[in-house]
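The data block below is model28.csv; it holds CSV, C-alpha atoms and all ligand atoms.
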chain,number,residue,atom,x,y,z
A,14,MET,CA,-14.5,89.0,-25.1
A,15,ASN,CA,-11.6,87.5,-23.4
A,16,ASP,CA,-13.1,87.1,-20.0
A,17,PRO,CA,-16.8,87.5,-20.3
A,18,LEU,CA,-19.0,88.0,-17.2
A,19,ILE,CA,-21.8,85.6,-16.9
A,20,SER,CA,-24.8,86.7,-14.9
A,21,VAL,CA,-26.7,83.8,-13.3
A,22,VAL,CA,-30.2,84.9,-12.4
A,23,ALA,CA,-32.4,82.8,-10.2
A,24,PRO,CA,-35.8,83.6,-8.7
A,25,VAL,CA,-36.2,82.4,-5.1
A,26,TYR,CA,-39.5,81.8,-3.4
A,27,ASN,CA,-39.5,80.1,0.0
A,28,GLU,CA,-36.4,78.0,-0.8
A,29,GLY,CA,-35.1,78.2,2.8
A,30,ALA,CA,-32.0,76.1,3.3
A,31,GLY,CA,-31.9,75.5,-0.5
A,32,VAL,CA,-30.4,79.0,-1.0
A,33,GLU,CA,-27.0,78.0,0.5
A,34,ARG,CA,-26.9,74.7,-1.4
A,35,PHE,CA,-27.7,76.5,-4.7
A,36,VAL,CA,-25.1,79.2,-4.2
A,37,ALA,CA,-22.5,76.6,-3.4
A,38,ARG,CA,-23.4,74.5,-6.4
A,39,VAL,CA,-23.3,77.5,-8.8
A,40,ALA,CA,-19.9,78.7,-7.4
A,41,GLU,CA,-18.5,75.2,-7.7
A,42,VAL,CA,-19.6,74.7,-11.3
A,43,MET,CA,-18.5,78.1,-12.4
A,44,GLY,CA,-15.2,77.7,-10.5
A,45,GLU,CA,-14.4,74.4,-12.2
A,46,ALA,CA,-15.1,75.9,-15.6
A,47,ALA,CA,-13.1,79.0,-14.8
A,48,LEU,CA,-15.9,81.3,-15.7
A,49,ARG,CA,-16.3,84.8,-14.3
A,50,PHE,CA,-19.8,85.2,-12.9
A,51,GLU,CA,-22.2,87.1,-10.8
A,52,LEU,CA,-25.2,85.5,-9.2
A,53,VAL,CA,-28.4,87.5,-8.9
A,54,LEU,CA,-30.8,86.0,-6.4
A,55,VAL,CA,-34.3,87.5,-6.6
A,56,ASP,CA,-36.3,86.9,-3.5
A,57,ASP,CA,-39.9,86.9,-4.7
A,58,GLY,CA,-41.5,87.9,-1.4
A,59,SER,CA,-40.6,84.7,0.4
A,60,THR,CA,-42.4,84.2,3.8
A,61,ASP,CA,-39.5,82.1,5.2
A,62,ASP,CA,-35.9,83.0,5.9
A,63,SER,CA,-34.8,83.0,2.3
A,64,TRP,CA,-34.0,86.7,2.3
A,65,SER,CA,-31.8,86.7,5.3
A,66,ARG,CA,-30.0,83.7,3.8
A,67,ILE,CA,-29.5,85.6,0.5
A,68,ALA,CA,-28.3,88.7,2.3
A,69,GLN,CA,-25.8,86.5,4.3
A,70,GLN,CA,-24.6,84.9,1.1
A,71,ALA,CA,-24.1,88.4,-0.5
A,72,VAL,CA,-21.9,89.4,2.4
A,73,LEU,CA,-19.9,86.2,2.3
A,74,ASP,CA,-19.4,86.3,-1.5
A,75,PRO,CA,-19.1,89.6,-3.4
A,76,ARG,CA,-20.2,87.8,-6.6
A,77,VAL,CA,-23.6,87.2,-5.0
A,78,HIS,CA,-26.3,89.9,-5.2
A,79,GLY,CA,-29.7,89.9,-3.7
A,80,LEU,CA,-32.8,91.7,-4.8
A,81,ARG,CA,-35.9,91.6,-2.6
A,82,LEU,CA,-39.2,92.2,-4.2
A,83,SER,CA,-41.8,94.0,-2.0
A,84,ARG,CA,-44.2,91.0,-2.2
A,85,ASN,CA,-44.7,87.8,-4.1
A,86,PHE,CA,-45.0,88.9,-7.7
A,87,GLY,CA,-44.6,85.5,-9.3
A,88,LYS,CA,-41.8,83.8,-11.1
A,89,GLU,CA,-42.0,85.8,-14.3
A,90,PRO,CA,-41.7,89.3,-12.7
A,91,ALA,CA,-39.0,87.9,-10.4
A,92,MET,CA,-37.0,86.7,-13.4
A,93,LEU,CA,-37.5,90.1,-15.1
A,94,ALA,CA,-36.2,91.9,-12.0
A,95,GLY,CA,-33.1,89.8,-12.1
A,96,LEU,CA,-32.6,90.3,-15.9
A,97,ASP,CA,-32.9,94.1,-15.4
A,98,TYR,CA,-30.3,94.0,-12.6
A,99,ALA,CA,-27.8,91.7,-14.4
A,100,THR,CA,-24.8,93.4,-15.8
A,101,GLY,CA,-23.1,90.4,-17.5
A,102,ASP,CA,-22.2,89.8,-21.1
A,103,ALA,CA,-24.6,86.9,-21.0
A,104,VAL,CA,-27.3,85.9,-18.6
A,105,VAL,CA,-28.4,82.5,-17.6
A,106,VAL,CA,-31.9,82.2,-16.0
A,107,ILE,CA,-32.1,79.2,-13.8
A,108,ASP,CA,-34.5,77.8,-11.1
A,109,SER,CA,-33.0,78.1,-7.6
A,110,ASP,CA,-34.4,74.7,-6.5
A,111,LEU,CA,-31.6,72.8,-8.3
A,112,GLN,CA,-34.1,71.2,-10.6
A,113,HIS,CA,-32.2,72.9,-13.4
A,114,PRO,CA,-28.7,71.5,-13.1
A,115,PRO,CA,-26.1,74.3,-12.8
A,116,SER,CA,-23.6,71.8,-14.3
A,117,ALA,CA,-25.2,72.6,-17.7
A,118,ILE,CA,-24.1,76.2,-17.6
A,119,PRO,CA,-20.6,75.8,-18.9
A,120,ALA,CA,-21.9,73.9,-22.0
A,121,MET,CA,-24.5,76.7,-22.6
A,122,VAL,CA,-21.7,79.3,-22.3
A,123,ARG,CA,-19.6,77.4,-24.9
A,124,ARG,CA,-22.6,77.5,-27.3
A,125,TRP,CA,-22.9,81.2,-26.7
A,126,GLN,CA,-19.2,81.7,-27.3
A,127,ALA,CA,-19.5,79.6,-30.5
A,128,GLY,CA,-22.0,82.2,-31.8
A,129,ALA,CA,-25.5,81.4,-30.5
A,130,HIS,CA,-27.4,84.4,-28.9
A,131,VAL,CA,-30.0,82.3,-27.2
A,132,VAL,CA,-29.2,78.9,-25.7
A,133,GLU,CA,-32.1,76.8,-24.4
A,134,ALA,CA,-31.8,73.9,-22.1
A,135,VAL,CA,-34.1,71.2,-23.4
A,136,LYS,CA,-35.4,68.5,-21.2
A,137,THR,CA,-34.4,64.9,-21.8
A,138,ASN,CA,-36.6,63.6,-19.0
A,139,ARG,CA,-39.2,64.8,-16.6
A,140,THR,CA,-38.4,62.9,-13.5
A,141,GLY,CA,-40.0,64.1,-10.3
A,142,GLN,CA,-43.3,64.9,-11.9
A,143,SER,CA,-46.4,62.8,-11.7
A,144,LEU,CA,-47.9,61.2,-14.8
A,145,GLY,CA,-50.8,63.6,-14.7
A,146,ASN,CA,-48.5,66.6,-14.5
A,147,ARG,CA,-46.4,65.2,-17.3
A,148,LEU,CA,-49.5,64.6,-19.4
A,149,SER,CA,-51.0,68.1,-18.8
A,150,ALA,CA,-47.6,69.7,-19.5
A,151,ARG,CA,-47.5,67.8,-22.8
A,152,VAL,CA,-51.0,68.8,-23.8
A,153,PHE,CA,-50.4,72.4,-22.8
A,154,ASN,CA,-47.2,72.5,-24.8
A,155,LYS,CA,-48.7,71.0,-27.9
A,156,ALA,CA,-51.8,73.2,-27.8
A,157,PHE,CA,-49.7,76.3,-27.1
A,158,THR,CA,-47.2,75.5,-29.9
A,159,GLY,CA,-50.0,74.8,-32.3
A,160,LEU,CA,-51.8,78.1,-31.6
A,161,THR,CA,-48.9,80.5,-31.1
A,162,LYS,CA,-46.1,79.1,-33.3
A,163,VAL,CA,-43.8,79.6,-30.3
A,164,ASP,CA,-42.1,76.3,-29.8
A,165,LEU,CA,-42.5,75.3,-26.2
A,166,VAL,CA,-42.3,71.5,-26.4
A,167,ASP,CA,-39.8,70.3,-23.9
A,168,ALA,CA,-38.6,73.9,-23.3
A,169,THR,CA,-37.7,75.3,-19.9
A,170,ASP,CA,-37.1,78.7,-18.4
A,171,PHE,CA,-33.4,77.5,-18.1
A,172,ARG,CA,-31.9,79.7,-20.8
A,173,LEU,CA,-28.8,81.7,-21.7
A,174,LEU,CA,-29.3,85.1,-23.4
A,175,GLY,CA,-26.5,87.1,-24.9
A,176,ARG,CA,-26.5,90.8,-24.2
A,177,PRO,CA,-28.1,91.8,-27.5
A,178,ALA,CA,-30.9,89.2,-27.1
A,179,LEU,CA,-31.4,90.3,-23.5
A,180,GLU,CA,-31.7,94.0,-24.5
A,181,ALA,CA,-34.2,93.0,-27.2
A,182,LEU,CA,-36.2,91.0,-24.6
A,183,ARG,CA,-36.1,93.9,-22.1
A,184,ARG,CA,-37.6,96.2,-24.8
A,185,MET,CA,-40.8,94.2,-24.7
A,186,PRO,CA,-43.1,96.2,-22.5
A,187,GLU,CA,-45.9,93.9,-21.7
A,188,HIS,CA,-47.0,93.6,-18.2
A,189,SER,CA,-47.9,89.9,-18.1
A,190,THR,CA,-44.8,88.4,-19.6
A,191,PHE,CA,-44.2,84.9,-20.4
A,192,PHE,CA,-40.4,84.4,-20.5
A,193,ARG,CA,-40.5,81.1,-22.5
A,194,GLY,CA,-42.6,82.8,-25.2
A,195,THR,CA,-40.9,86.2,-25.3
A,196,SER,CA,-37.4,84.7,-25.4
A,197,SER,CA,-38.5,82.6,-28.4
A,198,TRP,CA,-40.4,85.4,-30.1
A,199,ILE,CA,-37.3,87.7,-30.3
A,200,GLY,CA,-35.6,85.2,-32.6
A,201,PHE,CA,-31.7,85.5,-32.7
A,202,THR,CA,-29.4,82.7,-33.5
A,203,ARG,CA,-30.4,79.8,-31.2
A,204,ALA,CA,-28.8,76.6,-29.9
A,205,THR,CA,-30.0,74.0,-27.5
A,206,VAL,CA,-28.3,72.0,-24.8
A,207,GLU,CA,-29.9,68.8,-23.5
A,208,VAL,CA,-30.2,68.5,-19.7
A,209,ASP,CA,-31.6,66.1,-17.2
A,210,ILE,CA,-34.1,67.9,-15.1
A,211,ASP,CA,-33.3,66.8,-11.6
A,212,HIS,CA,-35.7,65.6,-8.9
A,213,ARG,CA,-37.1,68.5,-6.9
A,214,GLU,CA,-35.1,68.9,-3.7
A,215,GLY,CA,-37.1,70.1,-0.8
A,216,GLY,CA,-40.8,70.2,-1.0
A,217,ALA,CA,-43.4,70.0,-3.7
A,218,THR,CA,-43.8,72.3,-6.7
A,219,ARG,CA,-44.8,75.9,-6.0
A,220,TRP,CA,-47.2,75.9,-8.9
A,221,THR,CA,-50.8,75.6,-8.1
A,222,LEU,CA,-53.4,74.5,-10.6
A,223,SER,CA,-54.8,78.0,-10.8
A,224,GLY,CA,-51.3,79.4,-11.2
A,225,LEU,CA,-50.7,77.1,-14.2
A,226,PHE,CA,-54.1,78.0,-15.6
A,227,ARG,CA,-53.2,81.7,-15.4
A,228,LEU,CA,-49.9,81.1,-17.0
A,229,ALA,CA,-51.6,79.3,-19.9
A,230,VAL,CA,-54.2,82.0,-20.3
A,231,ASN,CA,-51.4,84.7,-20.2
A,232,GLY,CA,-49.3,82.8,-22.7
A,233,LEU,CA,-52.2,82.4,-25.1
A,234,THR,CA,-53.6,86.0,-24.8
A,235,SER,CA,-50.1,87.5,-25.3
A,236,PHE,CA,-49.1,85.4,-28.3
A,237,THR,CA,-52.3,84.7,-30.3
A,238,SER,CA,-55.7,86.0,-31.0
A,239,ALA,CA,-56.7,82.6,-32.3
A,240,PRO,CA,-59.3,82.1,-29.5
A,241,LEU,CA,-61.1,85.2,-30.6
A,242,HIS,CA,-61.2,83.9,-34.2
A,243,MET,CA,-62.6,80.6,-32.8
A,244,VAL,CA,-65.5,82.5,-31.2
A,245,THR,CA,-66.2,84.1,-34.6
A,246,LEU,CA,-65.9,80.6,-36.3
A,247,ALA,CA,-68.2,79.1,-33.7
A,248,GLY,CA,-70.7,81.9,-34.4
A,249,PHE,CA,-70.7,81.1,-38.1
A,250,SER,CA,-71.2,77.4,-37.6
A,251,PHE,CA,-74.1,78.2,-35.3
A,252,ALA,CA,-75.6,80.4,-38.1
A,253,VAL,CA,-75.4,77.4,-40.5
A,254,PHE,CA,-76.9,75.1,-37.9
A,255,ALA,CA,-79.7,77.7,-37.3
A,256,VAL,CA,-80.6,78.0,-40.9
A,257,VAL,CA,-80.8,74.2,-41.4
A,258,LEU,CA,-82.8,73.7,-38.2
A,259,GLY,CA,-85.0,76.7,-39.0
A,260,VAL,CA,-85.9,75.5,-42.5
A,261,GLN,CA,-86.6,72.0,-41.2
A,262,THR,CA,-88.9,73.4,-38.4
A,263,LEU,CA,-90.8,75.7,-40.8
A,264,VAL,CA,-91.3,72.9,-43.3
A,265,ARG,CA,-92.7,70.7,-40.6
A,266,TRP,CA,-95.0,73.4,-39.3
A,267,ILE,CA,-96.3,74.1,-42.8
A,268,SER,CA,-96.9,70.5,-43.5
A,269,GLY,CA,-98.9,70.4,-40.2
A,270,GLY,CA,-96.6,68.0,-38.4
A,271,SER,CA,-95.1,70.4,-35.9
A,272,VAL,CA,-93.9,68.5,-32.9
A,273,ALA,CA,-94.2,69.7,-29.3
A,274,GLY,CA,-90.4,69.7,-28.7
A,275,PHE,CA,-90.0,71.0,-25.2
A,276,THR,CA,-86.8,68.9,-24.8
A,277,THR,CA,-85.4,70.3,-28.0
A,278,VAL,CA,-86.0,73.8,-26.8
A,279,ILE,CA,-84.3,73.2,-23.5
A,280,LEU,CA,-81.3,71.5,-25.2
A,281,LEU,CA,-81.0,74.4,-27.7
A,282,LEU,CA,-81.1,77.0,-24.9
A,283,LEU,CA,-78.4,75.1,-22.9
A,284,VAL,CA,-76.1,74.7,-25.9
A,285,THR,CA,-76.4,78.3,-27.2
A,286,GLY,CA,-76.2,79.6,-23.6
A,287,THR,CA,-72.9,77.7,-23.1
A,288,PHE,CA,-71.4,78.9,-26.3
A,289,VAL,CA,-72.4,82.5,-25.7
A,290,LEU,CA,-70.9,82.5,-22.2
A,291,ILE,CA,-67.7,80.9,-23.4
A,292,GLY,CA,-67.4,83.4,-26.2
A,293,LEU,CA,-67.9,86.2,-23.7
A,294,GLY,CA,-65.3,84.7,-21.4
A,295,VAL,CA,-62.7,84.6,-24.2
A,296,ILE,CA,-63.4,88.2,-25.1
A,297,GLY,CA,-63.2,89.0,-21.4
A,298,GLU,CA,-59.8,87.5,-21.0
A,299,TYR,CA,-58.5,89.7,-23.8
A,300,LEU,CA,-60.2,92.7,-22.4
A,301,ALA,CA,-58.6,92.0,-19.0
A,302,ARG,CA,-55.2,91.8,-20.7
A,303,ILE,CA,-55.8,95.2,-22.4
A,304,HIS,CA,-57.0,96.7,-19.1
A,305,GLU,CA,-53.9,95.4,-17.3
A,306,GLU,CA,-51.5,96.7,-20.0
A,307,VAL,CA,-53.3,100.1,-20.1
A,308,ARG,CA,-52.9,100.7,-16.4
A,309,GLY,CA,-49.2,100.4,-17.0
A,310,ARG,CA,-48.2,99.5,-13.4
A,311,PRO,CA,-44.6,98.5,-12.8
A,312,ARG,CA,-44.1,94.8,-13.2
A,313,TYR,CA,-42.3,94.4,-9.9
A,314,LEU,CA,-41.1,96.5,-7.0
A,315,VAL,CA,-37.8,96.2,-5.3
A,316,GLN,CA,-37.9,96.6,-1.5
A,317,GLU,CA,-34.2,96.3,-0.9
A,318,ARG,CA,-30.9,95.0,-2.3
A,319,ALA,CA,-28.1,93.1,-0.8
A,320,THR,CA,-24.7,93.4,-2.4
A,321,GLY,CA,-21.1,92.7,-1.5
A,322,PRO,CA,-19.4,93.5,1.8
A,323,ALA,CA,-18.4,97.0,0.8
A,324,GLU,CA,-21.9,98.2,0.2
A,325,ALA,CA,-23.5,96.1,3.0
A,326,ALA,CA,-22.4,98.7,5.5
A,327,VAL,CA,-25.0,101.2,4.1
A,328,PRO,CA,-27.9,98.9,3.2
A,329,GLU,CA,-30.2,100.5,0.7
A,330,GLN,CA,-33.5,100.1,2.6
A,331,TRP,CA,-36.8,100.4,1.0
A,332,VAL,CA,-35.6,101.2,-2.5
A,333,VAL,CA,-38.8,101.3,-4.4
A,334,GLU,CA,-37.8,101.4,-8.0
A,335,GLN,CA,-39.1,100.4,-11.4
A,336,ARG,CA,-37.4,99.8,-14.7
A,337,ALA,CA,-35.4,102.9,-15.5
A,338,ASP,CA,-35.4,102.6,-19.3
A,339,HIS,CA,-39.0,103.7,-20.0
B,401,LIG,N1,-40.7,80.9,-7.9
B,401,LIG,C1,-40.8,82.3,-7.7
B,401,LIG,N2,-42.0,82.8,-7.4
B,401,LIG,C2,-43.2,82.1,-7.3
B,401,LIG,C3,-43.0,80.7,-7.6
B,401,LIG,C4,-41.8,80.1,-7.9
B,401,LIG,O1,-39.8,83.0,-7.8
B,401,LIG,O2,-44.2,82.6,-7.1
B,401,LIG,C5,-39.4,80.3,-8.2
B,401,LIG,C6,-38.9,79.1,-7.3
B,401,LIG,O3,-38.2,79.6,-6.2
B,401,LIG,C7,-38.1,78.3,-8.2
B,401,LIG,C8,-38.7,78.5,-9.6
B,401,LIG,O4,-39.4,79.7,-9.5
B,401,LIG,O5,-36.7,78.8,-8.3
B,401,LIG,C9,-39.5,77.4,-10.1
B,401,LIG,O6,-40.5,77.1,-9.1
B,401,LIG,P1,-41.0,75.7,-8.8
B,401,LIG,O7,-39.8,74.8,-8.6
B,401,LIG,O8,-42.0,75.7,-7.7
B,401,LIG,O9,-41.8,75.3,-10.2
B,401,LIG,P2,-41.5,74.0,-11.1
B,401,LIG,O10,-40.1,73.5,-10.9
B,401,LIG,O11,-42.5,73.0,-10.6
B,401,LIG,O12,-41.9,74.5,-12.4
B,402,MG,MG,-38.9,73.5,-9.5
Taking this structure as input, can you express it in the form of structure tokens?
Ligand code: UDP
Ligand code: MG
Amino acid sequence: MNDPLISVVAPVYNEGAGVERFVARVAEVMGEAALRFELVLVDDGSTDDSWSRIAQQAVLDPRVHGLRLSRNFGKEPAMLAGLDYATGDAVVVIDSDLQHPPSAIPAMVRRWQAGAHVVEAVKTNRTGQSLGNRLSARVFNKAFTGLTKVDLVDATDFRLLGRPALEALRRMPEHSTFFRGTSSWIGFTRATVEVDIDHREGGATRWTLSGLFRLAVNGLTSFTSAPLHMVTLAGFSFAVFAVVLGVQTLVRWISGGSVAGFTTVILLLLVTGTFVLIGLGVIGEYLARIHEEVRGRPRYLVQERATGPAEAAVPEQWVVEQRADH
């Protein structure tokens, strides 16, 4: 491993002018550290000019490769597409909005060369996020870690994976992937590098509340069945409650002091109704996951690719492909 190739994989969704800035920054950092690299930019169905900018960068610099997904699949599938495409000895997954500082890559590579298979960038701050955002991220992380034993606290998607770890990750077939979770689940020797997460340049976060909710539900359903056990547990506590209340009601009725408890009846109906519906919802989420996995649709579709000047003459239009290895 004298001169390893580092693949930098970045999902791009409506980053516009940010594309050039990002490519320049990565090239600058890698050049300074004298690291051989390829940059895989995955256009996740952007509606702006991101793709033409990526294609242009690919023509200008043979180390830049572009993949265009056929529509907006989401960040997770976009990252996977890039990981499948990457050919390096190690891959670094990084956001293309420069919130993850490319300047941390050389330190991550050094950790990898020192023997770590997975190097995670850990946040030292969370600037550029509102207090509410920060708080909900904390709560989500804590709850997630508690339930799944996958450590997510202060974790980011900004990670380096060595080839063996990457191949292990790629063997995980689930449709709804959760990179932070799966890249922890695989194990391997790990190391961390502390980074300052920069202010977001250009526009607000692309995450919507419903998107975050889906991510949380996906993360939970793929890493733990604890919510299902909680439904069972809630059922048992209700059974105990029912026996106590039942006995009390019967005793009152026998002793002739039965009260006309219309309010009690309404309250009981509301409480049990809520619990039953939440229980059904939890089961439904798992059922939906199973349904999605069983359909076995490809996780992403590539519409076209943009590679170096040599290949640009014959652009591979409308390449619809899926993962070749299974
Ligand atoms: N992204 C993507 N597809 C999406 C949403 C986001 O590929 O549907 C990319 C986006 O271009 C960026 C990264 O994922 O490189 C993180 O997105 P964003 O900055 O909006 O999220 P945040 O930094 O708030 O977590
Ligand atoms: Mg961002």
If you count all atoms listed in the file, which residues fall within 12 Å of Phe86 (chain A), apart from same-chain ones fewer than 5 positions away, as a PyMOL selection string?
-> chain A and resi 24-26+55-59+81+91-94+188-190+224+311-315
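Considering only C-alpha atoms, the residue among A:Arg203, A:His130, A:Arg302, A:Arg183 positioned nearest to Phe236 (chain A) is A:Arg302.
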Would you list the residues near (-52.5, 82.9, -23.3) (no more than 10 Å away, in the coordinates of the file, using all atoms listed in the file) as a CSV table (one decimal) with C-alpha atoms, keeping the file's coordinate frame?
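Result file is selection_34.csv:
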chain,number,residue,atom,x,y,z
A,157,PHE,CA,-49.7,76.3,-27.1
A,160,LEU,CA,-51.8,78.1,-31.6
A,161,THR,CA,-48.9,80.5,-31.1
A,189,SER,CA,-47.9,89.9,-18.1
A,191,PHE,CA,-44.2,84.9,-20.4
A,226,PHE,CA,-54.1,78.0,-15.6
A,227,ARG,CA,-53.2,81.7,-15.4
A,228,LEU,CA,-49.9,81.1,-17.0
A,229,ALA,CA,-51.6,79.3,-19.9
A,230,VAL,CA,-54.2,82.0,-20.3
A,231,ASN,CA,-51.4,84.7,-20.2
A,232,GLY,CA,-49.3,82.8,-22.7
A,233,LEU,CA,-52.2,82.4,-25.1
A,234,THR,CA,-53.6,86.0,-24.8
A,235,SER,CA,-50.1,87.5,-25.3
A,236,PHE,CA,-49.1,85.4,-28.3
A,237,THR,CA,-52.3,84.7,-30.3
A,238,SER,CA,-55.7,86.0,-31.0
A,239,ALA,CA,-56.7,82.6,-32.3
A,240,PRO,CA,-59.3,82.1,-29.5
A,298,GLU,CA,-59.8,87.5,-21.0
A,299,TYR,CA,-58.5,89.7,-23.8
A,302,ARG,CA,-55.2,91.8,-20.7
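Close contacts of region 195-202 of chain A, defined as residues with an atom at most 7 Å away when counting only C-alpha atoms, with chain neighbours fewer than 5 positions off set aside, comprise Ala129, His130, Val131, Val163, Ala178, Ala181 and Leu182 of chain A.
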Would you write out those residues with C-alpha atoms, as a CSV table (one decimal), in the coordinates of the input?
chain,number,residue,atom,x,y,z
A,129,ALA,CA,-25.5,81.4,-30.5
A,130,HIS,CA,-27.4,84.4,-28.9
A,131,VAL,CA,-30.0,82.3,-27.2
A,163,VAL,CA,-43.8,79.6,-30.3
A,178,ALA,CA,-30.9,89.2,-27.1
A,181,ALA,CA,-34.2,93.0,-27.2
A,182,LEU,CA,-36.2,91.0,-24.6
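Going from CA of Glu33 (chain A) to CA of Val206 (chain A) covers 26.0 Å.
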So which residues touch Val289 (chain A) within 9 Å, counting only C-alpha atoms, skipping near sequence neighbours fewer than 5 positions away, as a ChimeraX atom specification?
-> /A:244,248,284,294
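With only C-alpha atoms and all ligand atoms as the atoms that count, the residue of A:Gly31, A:Pro177, A:Gly128, A:Gly101 with the shortest distance to ligand MG 402 (chain B) is A:Gly31.
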Find the residue from A:Glu89, A:Leu179, A:Ile210, A:Leu54 that sits nearest to ligand MG 402 (chain B); use all atoms listed in the file when measuring.
-> A:Ile210
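Closest to ligand MG 402 (chain B) among A:Ile303, A:Ile107, A:Val42, A:Leu174 is A:Ile107, based on only C-alpha atoms and all ligand atoms.
Comparing A:Gly309, A:Pro114, A:Pro186, A:Gly159 by their smallest distance to ligand MG 402 (chain B), the closest is A:Pro114 (using only C-alpha atoms and all ligand atoms).
Coordinates place CA of Gly95 (chain A) at a distance of 9.7 Å from CA of His78 (chain A).
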List every protein, DNA or RNA residue that has at least one atom no more than 12 Å from (-30.4, 91.3, -3.3) in the file's coordinates, counting all atoms listed in the file, and write the result as an NGL selection string.
-> :A and (22-25 or 51-58 or 63-72 or 75-83 or 91 or 94-95 or 98-99 or 315-321 or 324-325 or 328-332)
Selection above as a file: C-alpha atoms, as a PDB file, in the frame of the given file:
ATOM      1  CA  VAL A  22     -30.200  84.900 -12.400  1.00  0.00           C
ATOM      2  CA  ALA A  23     -32.400  82.800 -10.200  1.00  0.00           C
ATOM      3  CA  PRO A  24     -35.800  83.600  -8.700  1.00  0.00           C
ATOM      4  CA  VAL A  25     -36.200  82.400  -5.100  1.00  0.00           C
ATOM      5  CA  GLU A  51     -22.200  87.100 -10.800  1.00  0.00           C
ATOM      6  CA  LEU A  52     -25.200  85.500  -9.200  1.00  0.00           C
ATOM      7  CA  VAL A  53     -28.400  87.500  -8.900  1.00  0.00           C
ATOM      8  CA  LEU A  54     -30.800  86.000  -6.400  1.00  0.00           C
ATOM      9  CA  VAL A  55     -34.300  87.500  -6.600  1.00  0.00           C
ATOM     10  CA  ASP A  56     -36.300  86.900  -3.500  1.00  0.00           C
ATOM     11  CA  ASP A  57     -39.900  86.900  -4.700  1.00  0.00           C
ATOM     12  CA  GLY A  58     -41.500  87.900  -1.400  1.00  0.00           C
ATOM     13  CA  SER A  63     -34.800  83.000   2.300  1.00  0.00           C
ATOM     14  CA  TRP A  64     -34.000  86.700   2.300  1.00  0.00           C
ATOM     15  CA  SER A  65     -31.800  86.700   5.300  1.00  0.00           C
ATOM     16  CA  ARG A  66     -30.000  83.700   3.800  1.00  0.00           C
ATOM     17  CA  ILE A  67     -29.500  85.600   0.500  1.00  0.00           C
ATOM     18  CA  ALA A  68     -28.300  88.700   2.300  1.00  0.00           C
ATOM     19  CA  GLN A  69     -25.800  86.500   4.300  1.00  0.00           C
ATOM     20  CA  GLN A  70     -24.600  84.900   1.100  1.00  0.00           C
ATOM     21  CA  ALA A  71     -24.100  88.400  -0.500  1.00  0.00           C
ATOM     22  CA  VAL A  72     -21.900  89.400   2.400  1.00  0.00           C
ATOM     23  CA  PRO A  75     -19.100  89.600  -3.400  1.00  0.00           C
ATOM     24  CA  ARG A  76     -20.200  87.800  -6.600  1.00  0.00           C
ATOM     25  CA  VAL A  77     -23.600  87.200  -5.000  1.00  0.00           C
ATOM     26  CA  HIS A  78     -26.300  89.900  -5.200  1.00  0.00           C
ATOM     27  CA  GLY A  79     -29.700  89.900  -3.700  1.00  0.00           C
ATOM     28  CA  LEU A  80     -32.800  91.700  -4.800  1.00  0.00           C
ATOM     29  CA  ARG A  81     -35.900  91.600  -2.600  1.00  0.00           C
ATOM     30  CA  LEU A  82     -39.200  92.200  -4.200  1.00  0.00           C
ATOM     31  CA  SER A  83     -41.800  94.000  -2.000  1.00  0.00           C
ATOM     32  CA  ALA A  91     -39.000  87.900 -10.400  1.00  0.00           C
ATOM     33  CA  ALA A  94     -36.200  91.900 -12.000  1.00  0.00           C
ATOM     34  CA  GLY A  95     -33.100  89.800 -12.100  1.00  0.00           C
ATOM     35  CA  TYR A  98     -30.300  94.000 -12.600  1.00  0.00           C
ATOM     36  CA  ALA A  99     -27.800  91.700 -14.400  1.00  0.00           C
ATOM     37  CA  VAL A 315     -37.800  96.200  -5.300  1.00  0.00           C
ATOM     38  CA  GLN A 316     -37.900  96.600  -1.500  1.00  0.00           C
ATOM     39  CA  GLU A 317     -34.200  96.300  -0.900  1.00  0.00           C
ATOM     40  CA  ARG A 318     -30.900  95.000  -2.300  1.00  0.00           C
ATOM     41  CA  ALA A 319     -28.100  93.100  -0.800  1.00  0.00           C
ATOM     42  CA  THR A 320     -24.700  93.400  -2.400  1.00  0.00           C
ATOM     43  CA  GLY A 321     -21.100  92.700  -1.500  1.00  0.00           C
ATOM     44  CA  GLU A 324     -21.900  98.200   0.200  1.00  0.00           C
ATOM     45  CA  ALA A 325     -23.500  96.100   3.000  1.00  0.00           C
ATOM     46  CA  PRO A 328     -27.900  98.900   3.200  1.00  0.00           C
ATOM     47  CA  GLU A 329     -30.200 100.500   0.700  1.00  0.00           C
ATOM     48  CA  GLN A 330     -33.500 100.100   2.600  1.00  0.00           C
ATOM     49  CA  TRP A 331     -36.800 100.400   1.000  1.00  0.00           C
ATOM     50  CA  VAL A 332     -35.600 101.200  -2.500  1.00  0.00           C
TER      51      VAL A 332
END
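Nearest to Gly29 (chain A) of all the residues A:Asn154, A:Ser250, A:Thr276, A:Ser109 is A:Ser109, based on all atoms listed in the file.
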